[in-house]
file start.pdb (PDB, C-alpha atoms and all ligand atoms)
ATOM      1  CA  MET G   1     127.126 115.090 180.613  1.00  0.00           C
ATOM      2  CA  LYS G   2     130.625 115.231 182.078  1.00  0.00           C
ATOM      3  CA  VAL G   3     131.237 111.717 180.797  1.00  0.00           C
ATOM      4  CA  VAL G   4     130.067 112.682 177.322  1.00  0.00           C
ATOM      5  CA  LEU G   5     132.381 115.674 177.105  1.00  0.00           C
ATOM      6  CA  LYS G   6     135.323 113.740 178.520  1.00  0.00           C
ATOM      7  CA  TYR G   7     134.793 111.006 175.965  1.00  0.00           C
ATOM      8  CA  ALA G   8     134.550 113.537 173.144  1.00  0.00           C
ATOM      9  CA  ASP G   9     137.738 115.184 174.320  1.00  0.00           C
ATOM     10  CA  GLU G  10     139.656 111.917 174.544  1.00  0.00           C
ATOM     11  CA  ASN G  11     138.579 111.010 171.038  1.00  0.00           C
ATOM     12  CA  GLN G  12     139.371 114.433 169.616  1.00  0.00           C
ATOM     13  CA  ALA G  13     135.817 114.710 168.459  1.00  0.00           C
ATOM     14  CA  ARG G  14     134.585 117.766 166.693  1.00  0.00           C
ATOM     15  CA  ARG G  15     131.000 117.044 167.498  1.00  0.00           C
ATOM     16  CA  VAL G  16     128.932 114.636 169.557  1.00  0.00           C
ATOM     17  CA  VAL G  17     126.192 113.213 167.361  1.00  0.00           C
ATOM     18  CA  ASN G  18     124.325 110.533 169.288  1.00  0.00           C
ATOM     19  CA  ILE G  19     124.349 109.406 172.878  1.00  0.00           C
ATOM     20  CA  HIS G  20     122.921 105.944 173.457  1.00  0.00           C
ATOM     21  CA  LEU G  21     121.637 105.360 176.951  1.00  0.00           C
ATOM     22  CA  LEU G  22     120.503 102.199 178.656  1.00  0.00           C
ATOM     23  CA  VAL G  23     117.730 103.057 181.050  1.00  0.00           C
ATOM     24  CA  GLY G  24     115.891 100.613 183.252  1.00  0.00           C
ATOM     25  CA  GLU G  25     112.160 100.473 182.793  1.00  0.00           C
ATOM     26  CA  LEU G  26     111.662 101.457 186.410  1.00  0.00           C
ATOM     27  CA  ARG G  27     113.506 104.723 186.007  1.00  0.00           C
ATOM     28  CA  ASP G  28     111.031 107.487 185.606  1.00  0.00           C
ATOM     29  CA  LEU G  29     112.820 109.162 182.718  1.00  0.00           C
ATOM     30  CA  THR G  30     111.336 109.880 179.341  1.00  0.00           C
ATOM     31  CA  GLU G  31     113.373 110.353 176.210  1.00  0.00           C
ATOM     32  CA  GLU G  32     111.789 113.738 175.684  1.00  0.00           C
ATOM     33  CA  TRP G  33     112.756 114.901 179.157  1.00  0.00           C
ATOM     34  CA  MET G  34     116.303 113.589 178.823  1.00  0.00           C
ATOM     35  CA  GLN G  35     116.679 115.300 175.470  1.00  0.00           C
ATOM     36  CA  ARG G  36     115.524 118.623 176.861  1.00  0.00           C
ATOM     37  CA  TYR G  37     117.852 118.309 179.816  1.00  0.00           C
ATOM     38  CA  PHE G  38     120.724 117.380 177.532  1.00  0.00           C
ATOM     39  CA  ASP G  39     120.022 120.306 175.192  1.00  0.00           C
ATOM     40  CA  TYR G  40     120.156 122.611 178.164  1.00  0.00           C
ATOM     41  CA  LEU G  41     123.406 121.206 179.543  1.00  0.00           C
ATOM     42  CA  SER G  42     125.171 120.937 176.203  1.00  0.00           C
ATOM     43  CA  ARG G  43     124.529 124.492 175.070  1.00  0.00           C
ATOM     44  CA  GLY G  44     127.779 126.033 173.891  1.00  0.00           C
ATOM     45  CA  THR G  45     129.705 122.739 173.975  1.00  0.00           C
ATOM     46  CA  ILE G  46     130.628 120.357 171.164  1.00  0.00           C
ATOM     47  CA  ALA G  47     127.781 118.161 172.338  1.00  0.00           C
ATOM     48  CA  GLU G  48     125.223 120.782 171.415  1.00  0.00           C
ATOM     49  CA  GLY G  49     122.656 119.330 169.028  1.00  0.00           C
ATOM     50  CA  GLY G  50     123.478 115.756 170.069  1.00  0.00           C
ATOM     51  CA  LYS G  51     120.625 113.330 170.084  1.00  0.00           C
ATOM     52  CA  ILE G  52     119.694 111.158 173.052  1.00  0.00           C
ATOM     53  CA  ILE G  53     118.660 107.627 172.131  1.00  0.00           C
ATOM     54  CA  ILE G  54     117.266 105.536 174.942  1.00  0.00           C
ATOM     55  CA  LYS G  55     117.101 101.784 175.067  1.00  0.00           C
ATOM     56  CA  ARG G  56     114.863 100.442 177.805  1.00  0.00           C
ATOM     57  CA  ILE G  57     115.845  97.531 179.969  1.00  0.00           C
ATOM     58  CA  PRO G  58     112.807  95.610 181.193  1.00  0.00           C
ATOM     59  CA  ALA G  59     112.313  94.989 184.889  1.00  0.00           C
ATOM     60  CA  THR G  60     113.659  91.550 185.662  1.00  0.00           C
ATOM     61  CA  LEU G  61     113.234  89.574 188.838  1.00  0.00           C
ATOM     62  CA  GLU G  62     115.090  86.586 190.115  1.00  0.00           C
ATOM     63  CA  CYS G  63     113.362  83.934 192.163  1.00  0.00           C
ATOM     64  CA  ALA G  64     114.984  83.338 195.548  1.00  0.00           C
ATOM     65  CA  ASP G  65     113.892  79.712 195.561  1.00  0.00           C
ATOM     66  CA  CYS G  66     114.710  78.347 192.121  1.00  0.00           C
ATOM     67  CA  ALA G  67     117.005  81.133 190.805  1.00  0.00           C
ATOM     68  CA  ASP G  68     114.862  81.496 187.709  1.00  0.00           C
ATOM     69  CA  SER G  69     114.892  85.003 186.291  1.00  0.00           C
ATOM     70  CA  PHE G  70     111.795  86.435 184.695  1.00  0.00           C
ATOM     71  CA  LYS G  71     110.313  89.702 183.531  1.00  0.00           C
ATOM     72  CA  ALA G  72     107.380  91.080 185.411  1.00  0.00           C
ATOM     73  CA  ASP G  73     105.249  94.121 185.815  1.00  0.00           C
ATOM     74  CA  ILE G  74     106.413  95.164 189.247  1.00  0.00           C
ATOM     75  CA  ARG G  75     103.498  97.536 189.694  1.00  0.00           C
ATOM     76  CA  GLN G  76     101.532  94.432 190.579  1.00  0.00           C
ATOM     77  CA  ASN G  77     101.310  93.678 194.269  1.00  0.00           C
ATOM     78  CA  ASN G  78     102.032  89.995 194.240  1.00  0.00           C
ATOM     79  CA  ILE G  79     104.505  88.562 191.836  1.00  0.00           C
ATOM     80  CA  PHE G  80     104.966  84.851 191.669  1.00  0.00           C
ATOM     81  CA  CYS G  81     107.743  82.959 189.972  1.00  0.00           C
ATOM     82  CA  PRO G  82     106.435  81.410 186.741  1.00  0.00           C
ATOM     83  CA  GLY G  83     108.665  78.402 187.359  1.00  0.00           C
ATOM     84  CA  CYS G  84     107.938  77.381 190.931  1.00  0.00           C
ATOM     85  CA  GLY G  85     105.243  79.793 192.110  1.00  0.00           C
ATOM     86  CA  SER G  86     107.365  81.289 194.890  1.00  0.00           C
ATOM     87  CA  ALA G  87     106.623  84.867 195.963  1.00  0.00           C
ATOM     88  CA  LYS G  88     110.196  85.433 197.132  1.00  0.00           C
ATOM     89  CA  ASN G  89     112.086  87.326 194.513  1.00  0.00           C
ATOM     90  CA  GLU G  90     114.605  90.021 194.017  1.00  0.00           C
ATOM     91  CA  LEU G  91     114.922  92.770 191.439  1.00  0.00           C
ATOM     92  CA  VAL G  92     117.986  92.161 189.269  1.00  0.00           C
ATOM     93  CA  ALA G  93     117.418  94.604 186.407  1.00  0.00           C
ATOM     94  CA  GLY G  94     115.280  97.639 185.658  1.00  0.00           C
ATOM     95  CA  MET G  95     117.011 100.434 187.576  1.00  0.00           C
ATOM     96  CA  GLU G  96     119.920 100.959 185.195  1.00  0.00           C
ATOM     97  CA  PHE G  97     121.115 104.294 183.992  1.00  0.00           C
ATOM     98  CA  LEU G  98     124.132 103.790 181.774  1.00  0.00           C
ATOM     99  CA  ILE G  99     125.761 105.255 178.727  1.00  0.00           C
ATOM    100  CA  GLU G 100     125.890 102.477 176.171  1.00  0.00           C
ATOM    101  CA  SER G 101     127.828 104.346 173.528  1.00  0.00           C
ATOM    102  CA  ILE G 102     128.624 107.799 172.255  1.00  0.00           C
ATOM    103  CA  GLU G 103     128.916 108.624 168.592  1.00  0.00           C
ATOM    104  CA  VAL G 104     131.245 111.427 167.663  1.00  0.00           C
ATOM    105  CA  ILE G 105     132.607 112.884 164.454  1.00  0.00           C
TER     106      ILE G 105
HETATM  107 ZN    ZN G 201     111.030  80.052 191.298  1.00  0.00          ZN
END

call {"tool": "encode", "arguments": {"input": "start.pdb", "output": "structure tokens", "more": "lines below"}}
Ligand SMILES: [Zn+2]
result
Amino acid sequence: MKVVLKYADENQARRVVNIHLLVGELRDLTEEWMQRYFDYLSRGTIAEGGKIIIKRIPATLECADCADSFKADIRQNNIFCPGCGSAKNELVAGMEFLIESIEVI
């Protein structure tokens, strides 16, 4: 929210229209919840009425053995690399929470 208002200020915006967020699949945030939270925080500011648009980033793992990266449902217990079958892997995407862009007028 602070970032949004700072951006709007720097760009001499009259109103914040859309806020595009990049949210990792593993973040337990729904668009509806974010919008409600945003509506609450933006009340009385130029961001009031702005719309939250969320783009999901799928959970991505990288194999520790062959460095292959692949998407997986990490709610599964055992995840094996589709390339080499290794069970050693590391989460490389899916926990993001970033502002991709802000549209102002
Ligand atoms: Zn592998």

call {"tool": "closest_residue", "arguments": {"input": "start.pdb", "among": "G:Glu103, G:Glu90, G:Asp68, G:Glu32", "to": "ligand ZN 201 (chain G)", "atoms": "only C-alpha atoms and all ligand atoms"}}
result
G:Asp68

call {"tool": "closest_residue", "arguments": {"input": "start.pdb", "among": "G:Val104, G:Ala13, G:Ser86, G:Asn18", "to": "Glu62 in chain G", "atoms": "all atoms listed in the file"}}
result
G:Ser86

call {"tool": "closest_atom_pairs", "arguments": {"input": "start.pdb", "of": "chain G", "to": "ligand ZN 201 (chain G)", "cutoff": "7 Å", "atoms": "only C-alpha atoms and all ligand atoms", "output": "tab-separated table"}}
result
residue	atom	partner	partner_atom	distance
G:Cys63	CA	G:ZN201	ZN	4.6
G:Ala64	CA	G:ZN201	ZN	6.7
G:Asp65	CA	G:ZN201	ZN	5.1
G:Cys66	CA	G:ZN201	ZN	4.1
G:Ala67	CA	G:ZN201	ZN	6.1
G:Asp68	CA	G:ZN201	ZN	5.4
G:Cys81	CA	G:ZN201	ZN	4.6
G:Pro82	CA	G:ZN201	ZN	6.6
G:Gly83	CA	G:ZN201	ZN	4.9
G:Cys84	CA	G:ZN201	ZN	4.1
G:Gly85	CA	G:ZN201	ZN	5.8
G:Ser86	CA	G:ZN201	ZN	5.3

call {"tool": "write_last_selection", "arguments": {"input": "start.pdb", "atoms": "C-alpha atoms", "output": "tab-separated table (two decimals), in the frame of the given file"}}
result
chain	number	residue	atom	x	y	z
G	63	CYS	CA	113.36	83.93	192.16
G	64	ALA	CA	114.98	83.34	195.55
G	65	ASP	CA	113.89	79.71	195.56
G	66	CYS	CA	114.71	78.35	192.12
G	67	ALA	CA	117.00	81.13	190.80
G	68	ASP	CA	114.86	81.50	187.71
G	81	CYS	CA	107.74	82.96	189.97
G	82	PRO	CA	106.44	81.41	186.74
G	83	GLY	CA	108.66	78.40	187.36
G	84	CYS	CA	107.94	77.38	190.93
G	85	GLY	CA	105.24	79.79	192.11
G	86	SER	CA	107.36	81.29	194.89

call {"tool": "closest_residue", "arguments": {"input": "start.pdb", "among": "G:Glu25, G:Ile105, G:Glu31, G:Gly50", "to": "Asp9 in chain G", "atoms": "all atoms listed in the file"}}
result
G:Ile105

call {"tool": "atom_distance", "arguments": {"input": "start.pdb", "atom1": "CA of His20 in chain G", "atom2": "CA of Ile99 in chain G"}}
result
6.0 Å

call {"tool": "resolve_selection", "arguments": {"input": "start.pdb", "expression": "the PyMOL selection byres (((chain G and resi 100) around 9) and not hetatm)", "output": "PyMOL selection string"}}
result
chain G and resi 19-22+55+98-99+101-102

call {"tool": "closest_residue", "arguments": {"input": "start.pdb", "among": "G:Ile46, G:Asn78, G:Pro58, G:Leu29", "to": "Gln12 in chain G", "atoms": "all atoms listed in the file"}}
result
G:Ile46

call {"tool": "build_atoms", "arguments": {"input": "start.pdb", "residues": "range 15-26 of chain G", "atoms": "all heavy atoms", "output": "short mmCIF file (atom, residue, chain, number, x, y, z; two decimals), in the coordinates of the input"}}
result
data_model
loop_
_atom_site.label_atom_id
_atom_site.label_comp_id
_atom_site.auth_asym_id
_atom_site.auth_seq_id
_atom_site.Cartn_x
_atom_site.Cartn_y
_atom_site.Cartn_z
N ARG G 15 132.40 116.91 167.12
CA ARG G 15 131.00 117.04 167.50
C ARG G 15 130.46 115.72 168.04
O ARG G 15 130.84 114.66 167.57
CB ARG G 15 130.17 117.46 166.27
CG ARG G 15 129.01 118.37 166.60
CD ARG G 15 128.60 119.19 165.40
NE ARG G 15 128.01 118.37 164.34
CZ ARG G 15 126.75 117.92 164.36
NH1 ARG G 15 125.96 118.18 165.36
NH2 ARG G 15 126.29 117.22 163.36
N VAL G 16 129.59 115.83 169.03
CA VAL G 16 128.93 114.64 169.56
C VAL G 16 127.60 114.50 168.82
O VAL G 16 126.80 115.45 168.81
CB VAL G 16 128.69 114.75 171.08
CG1 VAL G 16 127.90 113.56 171.61
CG2 VAL G 16 130.03 114.87 171.82
N VAL G 17 127.39 113.37 168.18
CA VAL G 17 126.19 113.21 167.36
C VAL G 17 125.06 112.52 168.12
O VAL G 17 123.98 113.06 168.27
CB VAL G 17 126.50 112.40 166.07
CG1 VAL G 17 125.34 112.52 165.09
CG2 VAL G 17 127.79 112.87 165.43
N ASN G 18 125.35 111.31 168.58
CA ASN G 18 124.32 110.53 169.29
C ASN G 18 124.86 110.02 170.61
O ASN G 18 126.01 109.58 170.69
CB ASN G 18 123.87 109.33 168.45
CG ASN G 18 123.12 109.75 167.21
OD1 ASN G 18 122.33 110.68 167.23
ND2 ASN G 18 123.38 109.05 166.11
N ILE G 19 123.99 110.00 171.60
CA ILE G 19 124.35 109.41 172.88
C ILE G 19 123.33 108.32 173.14
O ILE G 19 122.13 108.58 173.27
CB ILE G 19 124.34 110.43 174.03
CG1 ILE G 19 125.35 111.55 173.75
CG2 ILE G 19 124.68 109.75 175.37
CD1 ILE G 19 124.73 112.81 173.28
N HIS G 20 123.81 107.08 173.20
CA HIS G 20 122.92 105.94 173.46
C HIS G 20 122.92 105.63 174.95
O HIS G 20 123.98 105.39 175.53
CB HIS G 20 123.39 104.72 172.67
CG HIS G 20 123.32 104.91 171.19
ND1 HIS G 20 122.25 104.48 170.45
CD2 HIS G 20 124.16 105.51 170.31
CE1 HIS G 20 122.45 104.79 169.17
NE2 HIS G 20 123.60 105.42 169.07
N LEU G 21 121.75 105.65 175.53
CA LEU G 21 121.64 105.36 176.95
C LEU G 21 120.87 104.07 177.17
O LEU G 21 119.96 103.74 176.42
CB LEU G 21 120.89 106.49 177.67
CG LEU G 21 121.47 107.90 177.61
CD1 LEU G 21 120.52 108.87 178.28
CD2 LEU G 21 122.83 107.96 178.28
N LEU G 22 121.26 103.37 178.21
CA LEU G 22 120.50 102.20 178.66
C LEU G 22 119.80 102.61 179.93
O LEU G 22 120.44 102.96 180.92
CB LEU G 22 121.45 101.03 178.94
CG LEU G 22 122.10 100.35 177.75
CD1 LEU G 22 123.12 99.32 178.22
CD2 LEU G 22 121.06 99.67 176.87
N VAL G 23 118.49 102.60 179.89
CA VAL G 23 117.73 103.06 181.05
C VAL G 23 116.74 101.98 181.48
O VAL G 23 115.96 101.48 180.67
CB VAL G 23 116.97 104.37 180.74
CG1 VAL G 23 116.18 104.85 181.95
CG2 VAL G 23 117.93 105.46 180.28
N GLY G 24 116.81 101.61 182.72
CA GLY G 24 115.89 100.61 183.25
C GLY G 24 114.46 101.12 183.18
O GLY G 24 114.19 102.31 183.33
N GLU G 25 113.58 100.19 182.92
CA GLU G 25 112.16 100.47 182.79
C GLU G 25 111.59 101.18 184.03
O GLU G 25 110.64 101.94 183.96
CB GLU G 25 111.45 99.13 182.60
CG GLU G 25 110.02 99.18 182.19
CD GLU G 25 109.48 97.76 182.08
OE1 GLU G 25 109.60 96.97 183.04
OE2 GLU G 25 108.97 97.45 181.02
N LEU G 26 112.19 100.90 185.17
CA LEU G 26 111.66 101.46 186.41
C LEU G 26 112.14 102.88 186.69
O LEU G 26 111.69 103.52 187.61
CB LEU G 26 112.04 100.55 187.59
CG LEU G 26 111.60 99.10 187.40
CD1 LEU G 26 112.09 98.25 188.54
CD2 LEU G 26 110.08 99.03 187.31
#
